[in-house]
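Worksheet: one structure, shown below.
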There are 2 protein chains.
Amino acid sequence: MQIATPYLMFLGDVPDRLAAKTAYGIVDWRPEWCVGQTRLPGCAADLGIPDLTIAEGVGRGARTLIVGVVNAGGVLPPHWIATIVEAIEGGLDVASGLHTRLGSVPAIAEAATRHGRQLHDVRHSDQRFDTGKGTRRPGRRLLTVGTDCSVGKKYTVLALEKGMRARGLDADFRATGQTGVFISGRGVAIDAVVADFISGAVEWIAPAADPHHWDLIEGQGSLFHPSFAGVSLGLLHGAQADAFVVCHEPTRTTMRGVTHPLPSLQEVIDLTVQLGRLTNPEIRPTGIAINTQALEDGEARALLEKLAAEHGLPATDPVRFGVEGLVDRLVAEFPA
Amino acid sequence: MQIATPYLMFLGDVPDRLAAKTAYGIVDWRPEWCVGQTRLPGCAADLGIPDLTIAEGVGRGARTLIVGVVNAGGVLPPHWIATIVEAIEGGLDVASGLHTRLGSVPAIAEAATRHGRQLHDVRHSDQRFDTGKGTRRPGRRLLTVGTDCSVGKKYTVLALEKGMRARGLDADFRATGQTGVFISGRGVAIDAVVADFISGAVEWIAPAADPHHWDLIEGQGSLFHPSFAGVSLGLLHGAQADAFVVCHEPTRTTMRGVTHPLPSLQEVIDLTVQLGRLTNPEIRPTGIAINTQALEDGEARALLEKLAAEHGLPATDPVRFGVEGLVDRLVAEFPA
């Protein structure tokens, strides 16, 4: 899936900011791709970018209308269809993160066929993958892993991409989730891939590259999460990670959606190394990323210091304190 | 997916026995469900059951035509369509293990709609699953695990089902692969399930049951296989296995489709216990099943004795020497 940029962001009439979380993530990380937003009357989200009609968006060079919103049940509300059809008629492709396939709506499918436009359903994958082979491939790869879902794995690799590029390193974010695919304009949501092809899909997402090139792969779930550990393991094996950063949210007591307690950082480090060795015997931890949003500044700093000392690894909150320490460690461990 | 029995087996004109492997598996394990076979001119496979026309099959009570064959690329040959349509017109449902969806062939789809018959595509799943919850559920569950793919995991649970039922135990085979689904008439091929729902699908396949009831769950892949370990882990977590039997083929040197060496039986036992504890802290190995087909009788017996002594577990070749020892161990470890 390769989504043409730049984007015109379509928010429909979502009732709150949370429903447009994906769109906010795109604007946060790729402001240069977002020419403006198109909103319907009643829309309660505002991305803080220019409000444009479809025609204005096209005029500013947009190539894809992004339906970057979540609706109840992931269903496309019928009163959004006219805007999407108008976008297609105006010459835009459309990319959506809804469960409803764009092509399953006759008016949208017909317009796309008539005007030769692409429809991208980020939650669905019609791409055929090979099964993973586990054969070592050149290029360096870093994976974020976690004590749970939603602990900052995507944010951490995106911050690393920015920080590493600022230091002149050759690094690319590699998306494995829906929001990430919009942010990178490429990739596949692993949760749309059939089970047998998880590691193969990751081998495709982060393919062989120059020996000093870094792929920064968005992790998913946790090896300790009873719902998603299989996905996390397939991701780890497909990534053949040279390095990994452990992500954690310190106030959480049980893993999301289940009653299981969170594993410790050390447990995650140990199991990631143990299982990751199957496809990369050199795998090693290179840092810790903590979401300290719920902590006071002093508390946050004290926690990071403690964890860094305990594990002998740089520890940071990428949002609050940046990723300098994480990049320093990568540069030191993997010299150019 | 619930496939109506009994079956009329359709072999098309497959060029050899191997292409009809699924059909042979069904006849081996569910002869009472197979009223006969329908073959086209040139078919090189023979299930050893009566050759019947569609009308004769219907006359003998068949309710589903099983397309239990593999063709190059899993594609439905156009000259098979007429027979499938004839079956639908005769009142049969159709279940297929091909990649081509039955419903994607207009003549088949139209006939099914017209006659109100079910089409089952075992390789595809339109069923919605919840994500796995990892919550302990009543009932006993045994899972087969392996040093590799295709080492006898399905055969072992099927032999256990037979052996345990013969001893008056309440046990059901639970399919997770295509052939298994035909054999049980129910279940889902895990390789048709989207990655996020592997463990959830297994929780659905082997749901809460009477405390003394055994679900015998067909394992897939290997925790050590770089292509499929994620699937194996999701299966293990979803199964919440109380007991597991390790399956192995002793002459294999690398895992199927990759260049990785096979793990040892002890490595498989240790990792299965370590990772399986997440959803069942009581998980334990209860036996070893070896495919000794490539060994002389004396060699086979010597190997099994050696492995049994080494691991303190009953070791057998379920095909050659039965599953008595495996059942004895289960009865001893899990008294009624």
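To be explicit about the labels: the chains of the structure tokens are called A, B, and onward in the order shown, and within each one the residues are counted from 1, while ligands get numbers from 1 in the order they are shown.
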
- Message: Give me, as a PyMOL selection string, the residues of segment 158-283 of chain A that a backbone DSSP run labels strand (DSSP E or B).
- Response: chain A and resi 171-174+186+194+214-217+243-248+254+261

Dump as a PDB file, in the first residue's frame, selection limited to N, CA, C and O atoms:
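Saved result, out-v7.pdb, follows:
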ATOM      1  N   ALA A 171      17.587   6.791   8.536  1.00  0.00           N
ATOM      2  CA  ALA A 171      16.608   6.027   9.317  1.00  0.00           C
ATOM      3  C   ALA A 171      15.201   6.240   8.788  1.00  0.00           C
ATOM      4  O   ALA A 171      14.825   7.358   8.435  1.00  0.00           O
ATOM      5  N   ASP A 172      14.441   5.162   8.731  1.00  0.00           N
ATOM      6  CA  ASP A 172      13.055   5.237   8.269  1.00  0.00           C
ATOM      7  C   ASP A 172      12.116   4.554   9.248  1.00  0.00           C
ATOM      8  O   ASP A 172      12.337   3.406   9.637  1.00  0.00           O
ATOM      9  N   PHE A 173      11.053   5.247   9.572  1.00  0.00           N
ATOM     10  CA  PHE A 173       9.950   4.676  10.337  1.00  0.00           C
ATOM     11  C   PHE A 173       9.268   3.606   9.481  1.00  0.00           C
ATOM     12  O   PHE A 173       9.012   3.820   8.297  1.00  0.00           O
ATOM     13  N   ARG A 174       8.970   2.475  10.078  1.00  0.00           N
ATOM     14  CA  ARG A 174       8.242   1.414   9.374  1.00  0.00           C
ATOM     15  C   ARG A 174       6.968   1.091  10.136  1.00  0.00           C
ATOM     16  O   ARG A 174       7.013   0.584  11.267  1.00  0.00           O
ATOM     17  N   ARG A 186       2.884   4.279   3.705  1.00  0.00           N
ATOM     18  CA  ARG A 186       3.247   2.958   3.200  1.00  0.00           C
ATOM     19  C   ARG A 186       3.178   1.975   4.362  1.00  0.00           C
ATOM     20  O   ARG A 186       3.238   2.371   5.511  1.00  0.00           O
ATOM     21  N   VAL A 194      -3.339 -12.014   7.676  1.00  0.00           N
ATOM     22  CA  VAL A 194      -3.713 -13.353   8.122  1.00  0.00           C
ATOM     23  C   VAL A 194      -2.547 -13.967   8.908  1.00  0.00           C
ATOM     24  O   VAL A 194      -1.378 -13.735   8.599  1.00  0.00           O
ATOM     25  N   TRP A 214      18.952   2.324   8.999  1.00  0.00           N
ATOM     26  CA  TRP A 214      18.108   1.850  10.095  1.00  0.00           C
ATOM     27  C   TRP A 214      16.635   1.841   9.687  1.00  0.00           C
ATOM     28  O   TRP A 214      16.100   2.877   9.283  1.00  0.00           O
ATOM     29  N   ASP A 215      15.996   0.691   9.831  1.00  0.00           N
ATOM     30  CA  ASP A 215      14.542   0.642   9.812  1.00  0.00           C
ATOM     31  C   ASP A 215      14.074   0.677  11.256  1.00  0.00           C
ATOM     32  O   ASP A 215      14.544  -0.118  12.088  1.00  0.00           O
ATOM     33  N   LEU A 216      13.169   1.582  11.544  1.00  0.00           N
ATOM     34  CA  LEU A 216      12.651   1.739  12.911  1.00  0.00           C
ATOM     35  C   LEU A 216      11.229   1.203  12.904  1.00  0.00           C
ATOM     36  O   LEU A 216      10.310   1.839  12.375  1.00  0.00           O
ATOM     37  N   ILE A 217      11.062   0.004  13.422  1.00  0.00           N
ATOM     38  CA  ILE A 217       9.814  -0.732  13.234  1.00  0.00           C
ATOM     39  C   ILE A 217       8.896  -0.554  14.439  1.00  0.00           C
ATOM     40  O   ILE A 217       9.279  -0.833  15.578  1.00  0.00           O
ATOM     41  N   ALA A 243      18.387  -4.182  17.497  1.00  0.00           N
ATOM     42  CA  ALA A 243      18.226  -3.408  18.715  1.00  0.00           C
ATOM     43  C   ALA A 243      16.748  -3.306  19.038  1.00  0.00           C
ATOM     44  O   ALA A 243      15.907  -3.369  18.143  1.00  0.00           O
ATOM     45  N   PHE A 244      16.436  -3.186  20.340  1.00  0.00           N
ATOM     46  CA  PHE A 244      15.048  -2.910  20.683  1.00  0.00           C
ATOM     47  C   PHE A 244      14.986  -1.937  21.854  1.00  0.00           C
ATOM     48  O   PHE A 244      15.909  -1.852  22.665  1.00  0.00           O
ATOM     49  N   VAL A 245      13.915  -1.163  21.879  1.00  0.00           N
ATOM     50  CA  VAL A 245      13.649  -0.225  22.964  1.00  0.00           C
ATOM     51  C   VAL A 245      12.376  -0.706  23.657  1.00  0.00           C
ATOM     52  O   VAL A 245      11.380  -1.009  22.993  1.00  0.00           O
ATOM     53  N   VAL A 246      12.425  -0.808  24.981  1.00  0.00           N
ATOM     54  CA  VAL A 246      11.264  -1.279  25.746  1.00  0.00           C
ATOM     55  C   VAL A 246      10.411  -0.084  26.153  1.00  0.00           C
ATOM     56  O   VAL A 246      10.930   0.869  26.730  1.00  0.00           O
ATOM     57  N   CYS A 247       9.122  -0.162  25.868  1.00  0.00           N
ATOM     58  CA  CYS A 247       8.201   0.932  26.165  1.00  0.00           C
ATOM     59  C   CYS A 247       7.257   0.520  27.305  1.00  0.00           C
ATOM     60  O   CYS A 247       6.835  -0.638  27.383  1.00  0.00           O
ATOM     61  N   HIS A 248       6.923   1.508  28.137  1.00  0.00           N
ATOM     62  CA  HIS A 248       6.180   1.182  29.362  1.00  0.00           C
ATOM     63  C   HIS A 248       5.404   2.397  29.850  1.00  0.00           C
ATOM     64  O   HIS A 248       5.818   3.534  29.642  1.00  0.00           O
ATOM     65  N   THR A 254      -3.017  -3.351  35.125  1.00  0.00           N
ATOM     66  CA  THR A 254      -3.295  -4.570  34.370  1.00  0.00           C
ATOM     67  C   THR A 254      -3.171  -4.241  32.880  1.00  0.00           C
ATOM     68  O   THR A 254      -3.333  -3.090  32.477  1.00  0.00           O
ATOM     69  N   PRO A 261      -1.619  -8.915  35.107  1.00  0.00           N
ATOM     70  CA  PRO A 261      -0.730  -7.826  35.524  1.00  0.00           C
ATOM     71  C   PRO A 261       0.333  -7.559  34.455  1.00  0.00           C
ATOM     72  O   PRO A 261       0.613  -8.417  33.617  1.00  0.00           O
TER      73      PRO A 261
END

- Item | helix (DSSP H, G or I) residues, from DSSP on the backbone, in segment 135-172 of chain A, as number ranges by chain | A: 153-166

Chain B residues near chain A within 9 Å, closest pair each, using only C-alpha atoms, as JSON lines:
{"residue": "B:Thr131", "atom": "CA", "partner": "A:Ser227", "partner_atom": "CA", "distance": 5.7}
{"residue": "B:Gly132", "atom": "CA", "partner": "A:Ser227", "partner_atom": "CA", "distance": 4.4}
{"residue": "B:Lys133", "atom": "CA", "partner": "A:Val258", "partner_atom": "CA", "distance": 5.7}
{"residue": "B:Gly134", "atom": "CA", "partner": "A:Pro226", "partner_atom": "CA", "distance": 5.3}
{"residue": "B:Thr135", "atom": "CA", "partner": "A:Thr259", "partner_atom": "CA", "distance": 7.7}
{"residue": "B:Ile190", "atom": "CA", "partner": "A:Ala195", "partner_atom": "CA", "distance": 7.0}
{"residue": "B:Asp191", "atom": "CA", "partner": "A:Asp196", "partner_atom": "CA", "distance": 5.3}
{"residue": "B:Ala192", "atom": "CA", "partner": "A:Val194", "partner_atom": "CA", "distance": 6.0}
{"residue": "B:Val193", "atom": "CA", "partner": "A:Val194", "partner_atom": "CA", "distance": 5.5}
{"residue": "B:Val194", "atom": "CA", "partner": "A:Val194", "partner_atom": "CA", "distance": 4.1}
{"residue": "B:Ala195", "atom": "CA", "partner": "A:Ala195", "partner_atom": "CA", "distance": 4.2}
{"residue": "B:Asp196", "atom": "CA", "partner": "A:Asp191", "partner_atom": "CA", "distance": 5.3}
{"residue": "B:Phe197", "atom": "CA", "partner": "A:Ser227", "partner_atom": "CA", "distance": 7.5}
{"residue": "B:Ile198", "atom": "CA", "partner": "A:Ala195", "partner_atom": "CA", "distance": 7.0}
{"residue": "B:Ser199", "atom": "CA", "partner": "A:Ser227", "partner_atom": "CA", "distance": 5.9}
{"residue": "B:Gly200", "atom": "CA", "partner": "A:Ser227", "partner_atom": "CA", "distance": 6.9}
{"residue": "B:Phe224", "atom": "CA", "partner": "A:Leu278", "partner_atom": "CA", "distance": 7.1}
{"residue": "B:His225", "atom": "CA", "partner": "A:Leu278", "partner_atom": "CA", "distance": 8.4}
{"residue": "B:Pro226", "atom": "CA", "partner": "A:Gly134", "partner_atom": "CA", "distance": 5.3}
{"residue": "B:Ser227", "atom": "CA", "partner": "A:Gly132", "partner_atom": "CA", "distance": 4.4}
{"residue": "B:Phe228", "atom": "CA", "partner": "A:Asp196", "partner_atom": "CA", "distance": 6.0}
{"residue": "B:Ala229", "atom": "CA", "partner": "A:Gly234", "partner_atom": "CA", "distance": 6.4}
{"residue": "B:Gly230", "atom": "CA", "partner": "A:Gly230", "partner_atom": "CA", "distance": 4.0}
{"residue": "B:Val231", "atom": "CA", "partner": "A:Gly230", "partner_atom": "CA", "distance": 5.7}
{"residue": "B:Ser232", "atom": "CA", "partner": "A:Gly230", "partner_atom": "CA", "distance": 7.3}
{"residue": "B:Leu233", "atom": "CA", "partner": "A:Gly230", "partner_atom": "CA", "distance": 5.0}
{"residue": "B:Gly234", "atom": "CA", "partner": "A:Gly230", "partner_atom": "CA", "distance": 4.4}
{"residue": "B:Leu235", "atom": "CA", "partner": "A:Gly230", "partner_atom": "CA", "distance": 8.0}
{"residue": "B:His237", "atom": "CA", "partner": "A:Pro226", "partner_atom": "CA", "distance": 6.0}
{"residue": "B:Gly238", "atom": "CA", "partner": "A:Pro226", "partner_atom": "CA", "distance": 7.6}
{"residue": "B:Gly257", "atom": "CA", "partner": "A:Lys133", "partner_atom": "CA", "distance": 7.4}
{"residue": "B:Val258", "atom": "CA", "partner": "A:Lys133", "partner_atom": "CA", "distance": 5.7}
{"residue": "B:Thr259", "atom": "CA", "partner": "A:Thr135", "partner_atom": "CA", "distance": 7.7}
{"residue": "B:His260", "atom": "CA", "partner": "A:Gly134", "partner_atom": "CA", "distance": 8.1}
{"residue": "B:Leu275", "atom": "CA", "partner": "A:Phe224", "partner_atom": "CA", "distance": 8.5}
{"residue": "B:Leu278", "atom": "CA", "partner": "A:Pro226", "partner_atom": "CA", "distance": 7.0}
{"residue": "B:Thr279", "atom": "CA", "partner": "A:Pro226", "partner_atom": "CA", "distance": 6.8}

- Message: Residues near Leu265 of chain A, anyone? I mean within 7 Å using only C-alpha atoms, not counting same-chain ones fewer than 3 positions away, as a ChimeraX atom specification.
- Response: /A:147,268-269

- Query: What lies within 8 Å of Ala20 of chain A using only C-alpha atoms, ignoring chain neighbours under 5 positions off, as an MDAnalysis selection string?
  - Reply: chainID A and resid 11 14 45 68:70

Writer output for current selection, N, CA and C atoms, as a tab-separated table (two decimals), in the first residue's frame:
chain	number	residue	atom	x	y	z
A	11	LEU	N	-12.65	14.88	8.31
A	11	LEU	CA	-13.05	14.53	9.68
A	11	LEU	C	-14.53	14.21	9.82
A	14	VAL	N	-17.33	14.08	13.35
A	14	VAL	CA	-17.05	13.27	14.55
A	14	VAL	C	-17.40	14.08	15.81
A	45	ALA	N	-14.05	18.08	16.21
A	45	ALA	CA	-12.59	18.00	16.21
A	45	ALA	C	-12.03	19.08	15.29
A	68	GLY	N	-9.43	9.75	8.40
A	68	GLY	CA	-8.61	9.35	9.54
A	68	GLY	C	-9.37	9.44	10.83
A	69	VAL	N	-10.52	8.83	10.86
A	69	VAL	CA	-11.40	8.94	12.02
A	69	VAL	C	-11.97	7.57	12.37
A	70	VAL	N	-12.42	7.48	13.60
A	70	VAL	CA	-13.06	6.24	14.04
A	70	VAL	C	-14.50	6.57	14.33

- Name all residues at most 9 Å from Arg17 of chain A (count only C-alpha atoms; drop same-chain ones fewer than 5 positions away) and give them as a list in words. Tyr24, Ala44, Ala45, Asp46 and Leu47 of chain A

- Query: Which residues come within 12 Å of Gly61 of chain B, counting only C-alpha atoms, excluding same-chain residues fewer than 3 positions away, as a ChimeraX atom specification?
  - Reply: /B:4-8,32-36,52,54-58,64-65,90-92

How would the residues just chosen look if you wrote them out with C-alpha atoms as a short mmCIF file (atom, residue, chain, number, x, y, z; two decimals), in the first residue's frame?
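part-v2.cif, written as the output of this step:
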data_model
loop_
_atom_site.label_atom_id
_atom_site.label_comp_id
_atom_site.auth_asym_id
_atom_site.auth_seq_id
_atom_site.Cartn_x
_atom_site.Cartn_y
_atom_site.Cartn_z
CA ALA B 4 -23.44 -30.78 7.49
CA THR B 5 -22.60 -34.49 7.39
CA PRO B 6 -22.43 -37.03 5.80
CA TYR B 7 -20.12 -36.13 2.94
CA LEU B 8 -19.84 -36.96 -0.74
CA GLU B 32 -18.81 -43.22 8.67
CA TRP B 33 -19.33 -39.72 7.23
CA CYS B 34 -18.09 -40.53 3.72
CA VAL B 35 -20.87 -42.10 1.64
CA GLY B 36 -18.79 -42.21 -1.52
CA LEU B 52 -21.13 -42.41 -6.93
CA ILE B 54 -24.11 -36.78 -7.47
CA ALA B 55 -27.62 -38.24 -7.60
CA GLU B 56 -26.45 -41.50 -6.03
CA GLY B 57 -24.61 -39.58 -3.31
CA VAL B 58 -27.75 -37.62 -2.53
CA THR B 64 -22.28 -31.83 1.68
CA LEU B 65 -20.00 -32.17 -1.33
CA GLY B 90 -29.19 -31.88 -6.14
CA GLY B 91 -29.54 -30.35 -2.68
CA LEU B 92 -26.00 -30.53 -1.32
#

- With only C-alpha atoms as the basis for distance, which of B:Val105, B:Gly146, B:Arg140, B:Val188 is at the shortest distance from Met255 of chain B?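 Result for the nearest residue to Met255 of chain B: B:Gly146.
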
- Query: Between atom CA of Asp16 of chain A and atom CA of Gly42 of chain A, what is the spacing in Å?
  - Reply: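 Between atom CA of Gly42 of chain A and atom CA of Asp16 of chain A the gap is 10.1 Å.
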
- Leu98 of chain A: which residues within 7 Å, counting only C-alpha atoms, same-chain residues fewer than 4 positions away excluded, as a list in words?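 Neighbouring residues, sequence-local ones excluded: Val70, Gly74, Val75, Leu76 and Arg123 of chain A.
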
- Message: Given only C-alpha atoms as the basis, pick out the residue of B:Ile66, B:Glu218, B:Ser96, B:Leu304 nearest to Ala159 of chain B.
- Response: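 Closest candidate: B:Glu218.
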
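Between atom CA of Val67 of chain A and atom CA of Gly12 of chain A lies a distance of 8.1 Å.
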